[in-house]
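Pasted below: my_file-v4.txt, compact mmCIF, C-alpha atoms.
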# COMPACT_ATOMS: atom_id res chain seq x y z
CA MET A 1 15.58 2.38 -15.24
CA THR A 2 13.91 3.09 -18.57
CA ASN A 3 11.32 5.90 -18.35
CA TRP A 4 11.89 6.58 -14.66
CA LEU A 5 10.97 10.09 -13.59
CA SER A 6 13.32 11.78 -11.09
CA LEU A 7 12.41 14.51 -8.59
CA GLY A 8 14.72 16.29 -6.17
CA ALA A 9 14.58 18.63 -3.17
CA GLU A 10 17.77 19.60 -1.31
CA ASP A 11 19.56 16.24 -0.73
CA LEU A 12 16.43 14.09 -1.26
CA THR A 13 15.87 12.23 -4.54
CA LEU A 14 12.74 10.40 -5.65
CA ASP A 15 12.63 8.12 -8.71
CA LEU A 16 9.21 7.13 -10.04
CA ALA A 17 8.36 4.27 -12.42
CA PRO A 18 4.97 5.28 -13.89
CA GLU A 19 4.76 2.35 -16.29
CA ILE A 20 5.40 -0.21 -13.52
CA GLY A 21 2.29 0.17 -11.38
CA GLY A 22 2.76 3.89 -10.76
CA SER A 23 5.50 2.87 -8.33
CA ILE A 24 8.25 4.58 -6.41
CA ALA A 25 11.48 3.00 -7.65
CA ARG A 26 13.91 4.67 -5.24
CA PHE A 27 13.79 7.22 -2.43
CA ARG A 28 17.05 8.35 -0.89
CA ARG A 29 18.87 11.09 0.98
CA GLY A 30 22.35 11.46 -0.41
CA ASP A 31 23.77 7.94 -0.49
CA GLN A 32 21.28 6.50 2.05
CA GLN A 33 18.36 4.53 0.64
CA LEU A 34 15.20 5.42 2.60
CA MET A 35 13.19 2.59 1.01
CA ARG A 36 14.32 -0.69 -0.52
CA PRO A 37 15.64 0.38 -3.95
CA ALA A 38 14.48 -1.20 -7.19
CA PRO A 39 17.16 -2.78 -9.39
CA ASP A 40 17.93 -1.00 -12.65
CA ALA A 41 16.35 -3.82 -14.69
CA ALA A 42 13.15 -4.07 -12.60
CA THR A 43 9.98 -4.86 -14.54
CA ASP A 44 7.46 -5.71 -11.79
CA ALA A 45 5.85 -3.62 -9.05
CA GLY A 46 6.95 -6.20 -6.49
CA GLU A 47 10.54 -5.16 -7.15
CA MET A 48 9.81 -1.51 -6.47
CA ALA A 49 10.22 0.63 -3.32
CA ASN A 50 6.49 1.35 -3.02
CA PHE A 51 3.32 0.87 -5.05
CA PRO A 52 -0.33 1.98 -4.62
CA LEU A 53 -3.12 -0.36 -3.56
CA VAL A 54 -6.33 0.63 -5.33
CA PRO A 55 -9.28 0.05 -5.14
CA PHE A 56 -8.69 -2.41 -2.26
CA SER A 57 -5.78 -3.83 -0.28
CA ASN A 58 -4.71 -7.39 0.48
CA ARG A 59 -6.66 -10.48 -0.54
CA ILE A 60 -10.15 -11.49 -1.60
CA ARG A 61 -10.79 -15.03 -0.37
CA GLY A 62 -11.48 -17.25 -3.37
CA GLY A 63 -11.52 -14.19 -5.63
CA ARG A 64 -15.28 -13.90 -5.18
CA PHE A 65 -17.57 -11.38 -3.47
CA GLU A 66 -21.02 -9.85 -3.89
CA CYS A 67 -21.91 -6.16 -4.18
CA ASP A 68 -25.49 -4.89 -4.48
CA GLY A 69 -26.58 -8.33 -5.69
CA ARG A 70 -23.86 -8.63 -8.32
CA VAL A 71 -21.39 -11.52 -7.99
CA VAL A 72 -17.83 -10.46 -8.84
CA THR A 73 -15.14 -13.05 -9.59
CA LEU A 74 -11.48 -12.06 -9.96
CA SER A 75 -8.54 -14.14 -11.17
CA PRO A 76 -5.29 -14.47 -9.16
CA ASN A 77 -2.79 -11.72 -10.00
CA LEU A 78 0.34 -12.85 -8.14
CA PRO A 79 2.18 -16.04 -9.13
CA GLY A 80 1.94 -18.65 -6.40
CA ASP A 81 -1.03 -17.03 -4.63
CA THR A 82 -4.55 -18.29 -5.34
CA SER A 83 -6.23 -15.15 -3.98
CA PRO A 84 -6.28 -11.93 -6.04
CA LEU A 85 -4.85 -9.04 -4.08
CA HIS A 86 -4.17 -5.29 -4.02
CA GLY A 87 -6.56 -4.27 -6.80
CA GLN A 88 -5.61 -3.25 -10.33
CA GLY A 89 -3.42 -0.16 -9.80
CA TRP A 90 -0.18 -2.02 -9.13
CA ARG A 91 -0.68 -4.14 -12.25
CA SER A 92 -1.35 -1.15 -14.52
CA SER A 93 0.71 1.40 -16.41
CA TRP A 94 0.21 4.97 -15.18
CA THR A 95 0.72 8.15 -17.18
CA VAL A 96 2.47 11.34 -16.09
CA GLU A 97 -0.15 14.10 -16.03
CA ARG A 98 2.27 16.77 -14.82
CA SER A 99 5.66 17.10 -13.19
CA ASP A 100 8.23 19.65 -12.11
CA ASN A 101 11.48 19.49 -10.15
CA CYS A 102 9.90 18.36 -6.87
CA SER A 103 6.35 17.16 -7.63
CA ALA A 104 4.45 14.93 -10.04
CA THR A 105 0.97 13.60 -10.70
CA LEU A 106 0.45 10.09 -12.10
CA ALA A 107 -2.91 8.74 -13.29
CA PHE A 108 -4.60 5.72 -14.77
CA VAL A 109 -8.15 4.76 -15.77
CA HIS A 110 -9.45 1.25 -15.20
CA GLU A 111 -11.90 0.04 -17.82
CA PRO A 112 -14.51 -2.54 -16.73
CA GLY A 113 -13.45 -6.16 -16.90
CA GLU A 114 -13.45 -8.77 -14.15
CA TRP A 115 -13.63 -5.74 -11.85
CA PRO A 116 -16.84 -4.48 -13.46
CA TRP A 117 -16.59 -0.79 -12.54
CA ARG A 118 -14.84 2.00 -14.41
CA TYR A 119 -12.73 4.25 -12.19
CA GLU A 120 -9.81 6.66 -12.33
CA SER A 121 -6.97 6.90 -9.86
CA ARG A 122 -4.29 9.52 -9.27
CA GLN A 123 -1.16 9.84 -7.19
CA VAL A 124 0.31 13.21 -6.29
CA PHE A 125 3.94 13.13 -5.14
CA GLU A 126 5.23 16.18 -3.28
CA LEU A 127 8.90 16.20 -2.29
CA ASP A 128 10.37 18.84 0.01
CA GLU A 129 13.61 19.25 1.94
CA SER A 130 12.33 17.21 4.91
CA GLY A 131 10.34 14.42 3.31
CA LEU A 132 7.76 13.10 0.88
CA THR A 133 3.96 13.27 0.82
CA VAL A 134 1.97 10.96 -1.46
CA THR A 135 -1.77 11.38 -1.98
CA LEU A 136 -3.72 8.57 -3.64
CA THR A 137 -7.27 9.06 -4.95
CA CYS A 138 -9.89 6.83 -6.55
CA ARG A 139 -13.02 8.17 -8.30
CA ASN A 140 -15.89 5.94 -9.42
CA LEU A 141 -16.76 6.62 -13.08
CA SER A 142 -19.56 4.03 -13.24
CA SER A 143 -23.27 4.65 -12.78
CA GLU A 144 -23.45 1.84 -10.18
CA ARG A 145 -21.94 1.97 -6.71
CA MET A 146 -18.38 0.65 -6.45
CA PRO A 147 -16.60 -0.63 -3.33
CA GLY A 148 -13.32 1.11 -2.63
CA ALA A 149 -10.49 1.44 -0.12
CA LEU A 150 -6.88 2.58 -0.42
CA ALA A 151 -3.44 1.72 0.93
CA PHE A 152 0.30 2.04 0.29
CA HIS A 153 2.90 -0.73 0.06
CA PRO A 154 6.36 0.64 1.00
CA TYR A 155 9.34 -1.72 1.30
CA PHE A 156 12.27 -1.05 3.63
CA ASN A 157 15.68 -2.71 3.92
CA CYS A 158 16.50 -4.19 7.32
CA ASP A 159 19.13 -5.98 9.39
CA GLU A 160 19.44 -7.03 13.03
CA ALA A 161 19.72 -3.38 14.13
CA THR A 162 16.51 -2.20 12.42
CA ARG A 163 13.59 -1.28 14.63
CA LEU A 164 9.98 -0.50 13.78
CA SER A 165 8.15 1.52 16.44
CA THR A 166 4.39 1.81 16.08
CA GLY A 167 1.16 1.39 18.01
CA VAL A 168 -1.51 -1.25 17.31
CA THR A 169 -4.15 -2.91 19.47
CA ASP A 170 -5.05 -6.20 17.75
CA VAL A 171 -3.75 -8.55 15.09
CA TRP A 172 -5.38 -11.07 12.77
CA THR A 173 -3.76 -14.50 12.83
CA ILE A 174 -3.47 -16.17 9.41
CA ASP A 175 -3.80 -19.59 7.84
CA ASP A 176 -1.47 -21.28 5.35
CA CYS A 177 -2.95 -19.18 2.54
CA VAL A 178 -2.20 -15.90 4.41
CA LEU A 179 -5.92 -15.37 5.00
CA PRO A 180 -7.21 -13.98 8.33
CA VAL A 181 -8.44 -16.41 10.98
CA GLU A 182 -8.83 -14.80 14.41
CA ARG A 183 -8.50 -11.33 15.92
CA ILE A 184 -6.36 -11.35 19.08
CA PRO A 185 -4.41 -8.76 21.12
CA ALA A 186 -1.15 -7.71 19.42
CA THR A 187 1.28 -8.83 22.11
CA GLY A 188 4.51 -10.82 22.18
CA ARG A 189 5.74 -11.72 18.70
CA TYR A 190 2.76 -9.85 17.25
CA ASP A 191 3.84 -6.52 18.77
CA PRO A 192 5.71 -4.79 15.90
CA SER A 193 7.72 -2.71 18.38
CA ASN A 194 8.88 -5.73 20.39
CA GLY A 195 12.47 -6.32 19.26
CA PRO A 196 14.00 -6.43 15.76
CA VAL A 197 11.57 -6.28 12.85
CA CYS A 198 13.87 -8.13 10.45
CA GLY A 199 13.13 -11.83 10.00
CA ARG A 200 10.02 -11.81 12.24
CA GLY A 201 8.08 -14.23 10.04
CA LEU A 202 4.93 -12.07 9.99
CA ASP A 203 2.44 -11.28 7.23
CA ASN A 204 -0.46 -9.98 9.28
CA GLY A 205 -3.07 -7.26 9.38
CA PHE A 206 -3.36 -5.11 12.49
CA GLU A 207 -6.29 -3.17 13.93
CA GLY A 208 -6.22 0.00 16.01
CA TRP A 209 -3.18 1.53 14.32
CA SER A 210 -1.83 4.74 15.86
CA GLY A 211 -1.35 6.29 12.42
CA GLU A 212 2.42 6.61 12.89
CA ALA A 213 5.41 4.30 12.45
CA LEU A 214 9.10 5.08 12.96
CA ILE A 215 11.68 3.12 10.95
CA ASP A 216 15.12 3.33 12.58
CA TRP A 217 18.15 1.53 11.13
CA GLY A 218 20.35 2.49 14.08
CA ARG A 219 22.48 4.69 11.83
CA GLY A 220 21.90 7.54 9.41
CA ALA A 221 18.46 9.03 8.90
CA ARG A 222 15.21 7.64 10.29
CA VAL A 223 11.84 7.64 8.51
CA ARG A 224 8.64 8.60 10.33
CA MET A 225 5.62 7.43 8.33
CA THR A 226 2.23 8.95 9.15
CA ALA A 227 -1.17 8.41 7.56
CA PRO A 228 -4.82 8.80 8.67
CA ALA A 229 -5.47 5.08 8.15
CA PRO A 230 -7.05 2.91 10.87
CA ARG A 231 -5.16 -0.27 9.98
CA PHE A 232 -1.62 -1.48 9.43
CA GLN A 233 -0.12 -4.42 7.56
CA LEU A 234 3.32 -5.84 8.36
CA TYR A 235 5.15 -8.26 6.10
CA ALA A 236 8.49 -9.27 7.61
CA PRO A 237 9.54 -12.59 6.06
CA ALA A 238 11.64 -15.03 8.06
CA SER A 239 14.34 -14.76 5.39
CA GLY A 240 15.01 -11.17 6.50
CA GLY A 241 16.62 -8.44 4.42
CA MET A 242 13.48 -6.38 3.99
CA PHE A 243 10.03 -5.70 5.40
CA VAL A 244 6.83 -3.97 4.29
CA ALA A 245 4.94 -1.55 6.57
CA GLU A 246 1.59 -0.58 5.05
CA PRO A 247 -0.96 2.06 6.06
CA VAL A 248 -4.28 0.50 5.00
CA GLU A 249 -7.96 1.43 5.11
CA ASN A 250 -9.66 -1.95 4.78
CA ALA A 251 -9.29 -5.12 6.82
CA ASN A 252 -7.94 -8.16 4.99
CA CYS A 253 -10.68 -10.07 3.14
CA ALA A 254 -13.14 -7.29 3.99
CA LEU A 255 -14.94 -7.73 0.66
CA ASN A 256 -15.77 -11.31 1.62
CA ALA A 257 -17.82 -10.10 4.59
CA PRO A 258 -21.56 -9.33 4.27
CA GLN A 259 -22.05 -5.95 2.63
CA ASP A 260 -23.65 -4.42 5.73
CA GLN A 261 -20.30 -4.92 7.53
CA TRP A 262 -18.15 -3.22 4.91
CA GLU A 263 -18.19 0.24 6.44
CA SER A 264 -16.88 -1.03 9.77
CA LEU A 265 -14.17 -2.97 7.89
CA GLY A 266 -13.00 0.07 5.94
CA ILE A 267 -14.78 -0.41 2.60
CA ALA A 268 -16.68 2.57 1.22
CA LEU A 269 -19.41 2.33 -1.41
CA LEU A 270 -18.62 5.09 -3.90
CA ALA A 271 -21.50 6.58 -5.87
CA GLU A 272 -20.96 7.77 -9.45
CA GLY A 273 -18.40 10.58 -9.37
CA GLU A 274 -17.56 10.06 -5.71
CA GLU A 275 -13.90 10.03 -4.72
CA ARG A 276 -11.86 8.47 -1.93
CA ASN A 277 -8.39 9.69 -0.95
CA LEU A 278 -5.56 8.76 1.41
CA SER A 279 -2.26 10.56 2.04
CA VAL A 280 0.93 9.26 3.58
CA ARG A 281 3.88 11.33 4.80
CA PHE A 282 7.46 10.06 4.98
CA GLU A 283 9.29 12.54 7.23
CA ILE A 284 13.08 12.23 7.35
CA GLU A 285 14.69 12.66 10.77
CA GLY A 286 18.30 12.82 11.87

Written as structure tokens, how would this file's structure read?
Amino acid sequence: MTNWLSLGAEDLTLDLAPEIGGSIARFRRGDQQLMRPAPDAATDAGEMANFPLVPFSNRIRGGRFECDGRVVTLSPNLPGDTSPLHGQGWRSSWTVERSDNCSATLAFVHEPGEWPWRYESRQVFELDESGLTVTLTCRNLSSERMPGALAFHPYFNCDEATRLSTGVTDVWTIDDCVLPVERIPATGRYDPSNGPVCGRGLDNGFEGWSGEALIDWGRGARVRMTAPAPRFQLYAPASGGMFVAEPVENANCALNAPQDQWESLGIALLAEGEERNLSVRFEIEG
């Protein structure tokens, strides 16, 4: 809980952990947790309620891709996973640029390293009496073009009564390394709205997202998440207890595709000074 920043609006409370990946630690209405809460002693973004994915989401197969003739090689950044994932933002400390009772801006600058481009990223959190809006931006500070795409990684508690209602058209099946294999219609067990979300045993990327997802625990408030993102990622481990519902811009392993396919897969090439942004709204109902 050290150095958490707390915001409030009416009966909503938002706790931010800038030094732990610019994460949301807790989001609640009164006594009801609206995202999976971080423990007091949390030290890793994976323990948080939400963290930003910048400048790409999900995995890069083999940690290697090519951009404008330059070969980029990245090291794994999650224990037990051989593929680097989610960019640098969630593994960085962010600073508080400004804050008041119900809003805050967090920022960090990435200096060139394995990811050879310099960029800056910001998150603006705006809390009001009916919900939370988060806007994530990424600006290329390098003279060379940089690939970029954005996403959010919110965790939610779940049990047998929890339902996730959303619209998708297709799903990517995965191999043993959680890498995409084949695009097929999102039906049956791959339909997120088909039955309980808890314990589904899914870790898949979806295409044709409706831009809206309703999380309903069957009691208390519901959360309606909306974002102008074309894709959706659902992680609902077989062990149950929690799930992750992510609005995402890029398809999984998009950077491994030939560069002329990047635009169709959600990857933008940002010129020097060019910025990309994505906002998500968590509206509280009931």

message = Show me the residues around (-4.3, -20.0, 4.2) - criterion: an atom at most 12 Å away, all atoms listed in the file counted - as JSON, numbers by chain.
response = {"A": [59, 60, 61, 62, 81, 82, 83, 173, 174, 175, 176, 177, 178, 179, 180, 181, 203, 204, 253]}

message = Counting all atoms listed in the file, which residue out of A:Asn3, A:Leu150, A:Phe206, A:Arg200 sits closest to Gly167 in chain A?
response =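 Nearest to Gly167 in chain A: A:Phe206.
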
query = CA of Ala236 in chain A and CA of Met35 in chain A are how many Å apart?
reply =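 Taking CA of Ala236 in chain A and CA of Met35 in chain A, their separation equals 14.4 Å.
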
message = I'd like the neighbourhood of Asn77 in chain A as a VMD selection string, where a residue qualifies if any of its atoms comes within 9 Å (using only C-alpha atoms), though same-chain residues fewer than 2 positions away should be ignored.
response = chain A and resid 74 to 75 79 81 to 88 91

Save the residues we just selected, C-alpha atoms, as a short mmCIF file (atom, residue, chain, number, x, y, z; two decimals), in the frame of the given file?
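out08.cif was written with the following content:
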data_model
loop_
_atom_site.label_atom_id
_atom_site.label_comp_id
_atom_site.auth_asym_id
_atom_site.auth_seq_id
_atom_site.Cartn_x
_atom_site.Cartn_y
_atom_site.Cartn_z
CA LEU A 74 -11.48 -12.06 -9.96
CA SER A 75 -8.54 -14.14 -11.17
CA PRO A 79 2.18 -16.04 -9.13
CA ASP A 81 -1.03 -17.03 -4.63
CA THR A 82 -4.55 -18.29 -5.34
CA SER A 83 -6.23 -15.15 -3.98
CA PRO A 84 -6.28 -11.93 -6.04
CA LEU A 85 -4.85 -9.04 -4.08
CA HIS A 86 -4.17 -5.29 -4.02
CA GLY A 87 -6.56 -4.27 -6.80
CA GLN A 88 -5.61 -3.25 -10.33
CA ARG A 91 -0.68 -4.14 -12.25
#

request  = Identify which of the residues A:Asn157, A:Val223, A:Glu144, A:Arg276 lies closest to Gly69 in chain A, counting all atoms listed in the file when measuring atom-to-atom distances.
outcome  =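 Result for the nearest residue to Gly69 in chain A: A:Glu144.
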
request  = Taking the point (6.1, -13.9, 12.4) as given in the file, collect each protein or nucleic acid residue that comes within 12 Å of it, counting all atoms listed in the file, and present the set as an NGL selection string.
outcome  = :A and (171-174 or 178 or 186-192 or 194 or 196-205 or 234-240 or 243)

Nearest candidate to Arg36 in chain A (options A:Tyr155, A:Phe65, A:Tyr119, A:Phe125; using only C-alpha atoms) =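 That would be A:Tyr155, the residue with the smallest distance to Arg36 in chain A.
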
query = Between A:Leu255, A:Ala227, A:Leu12, A:Leu278, which one has atoms that come closest to Leu53 in chain A, using all atoms listed in the file?
reply =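 Between A:Leu255, A:Ala227, A:Leu12, A:Leu278, the residue approaching Leu53 in chain A most closely is A:Leu278.
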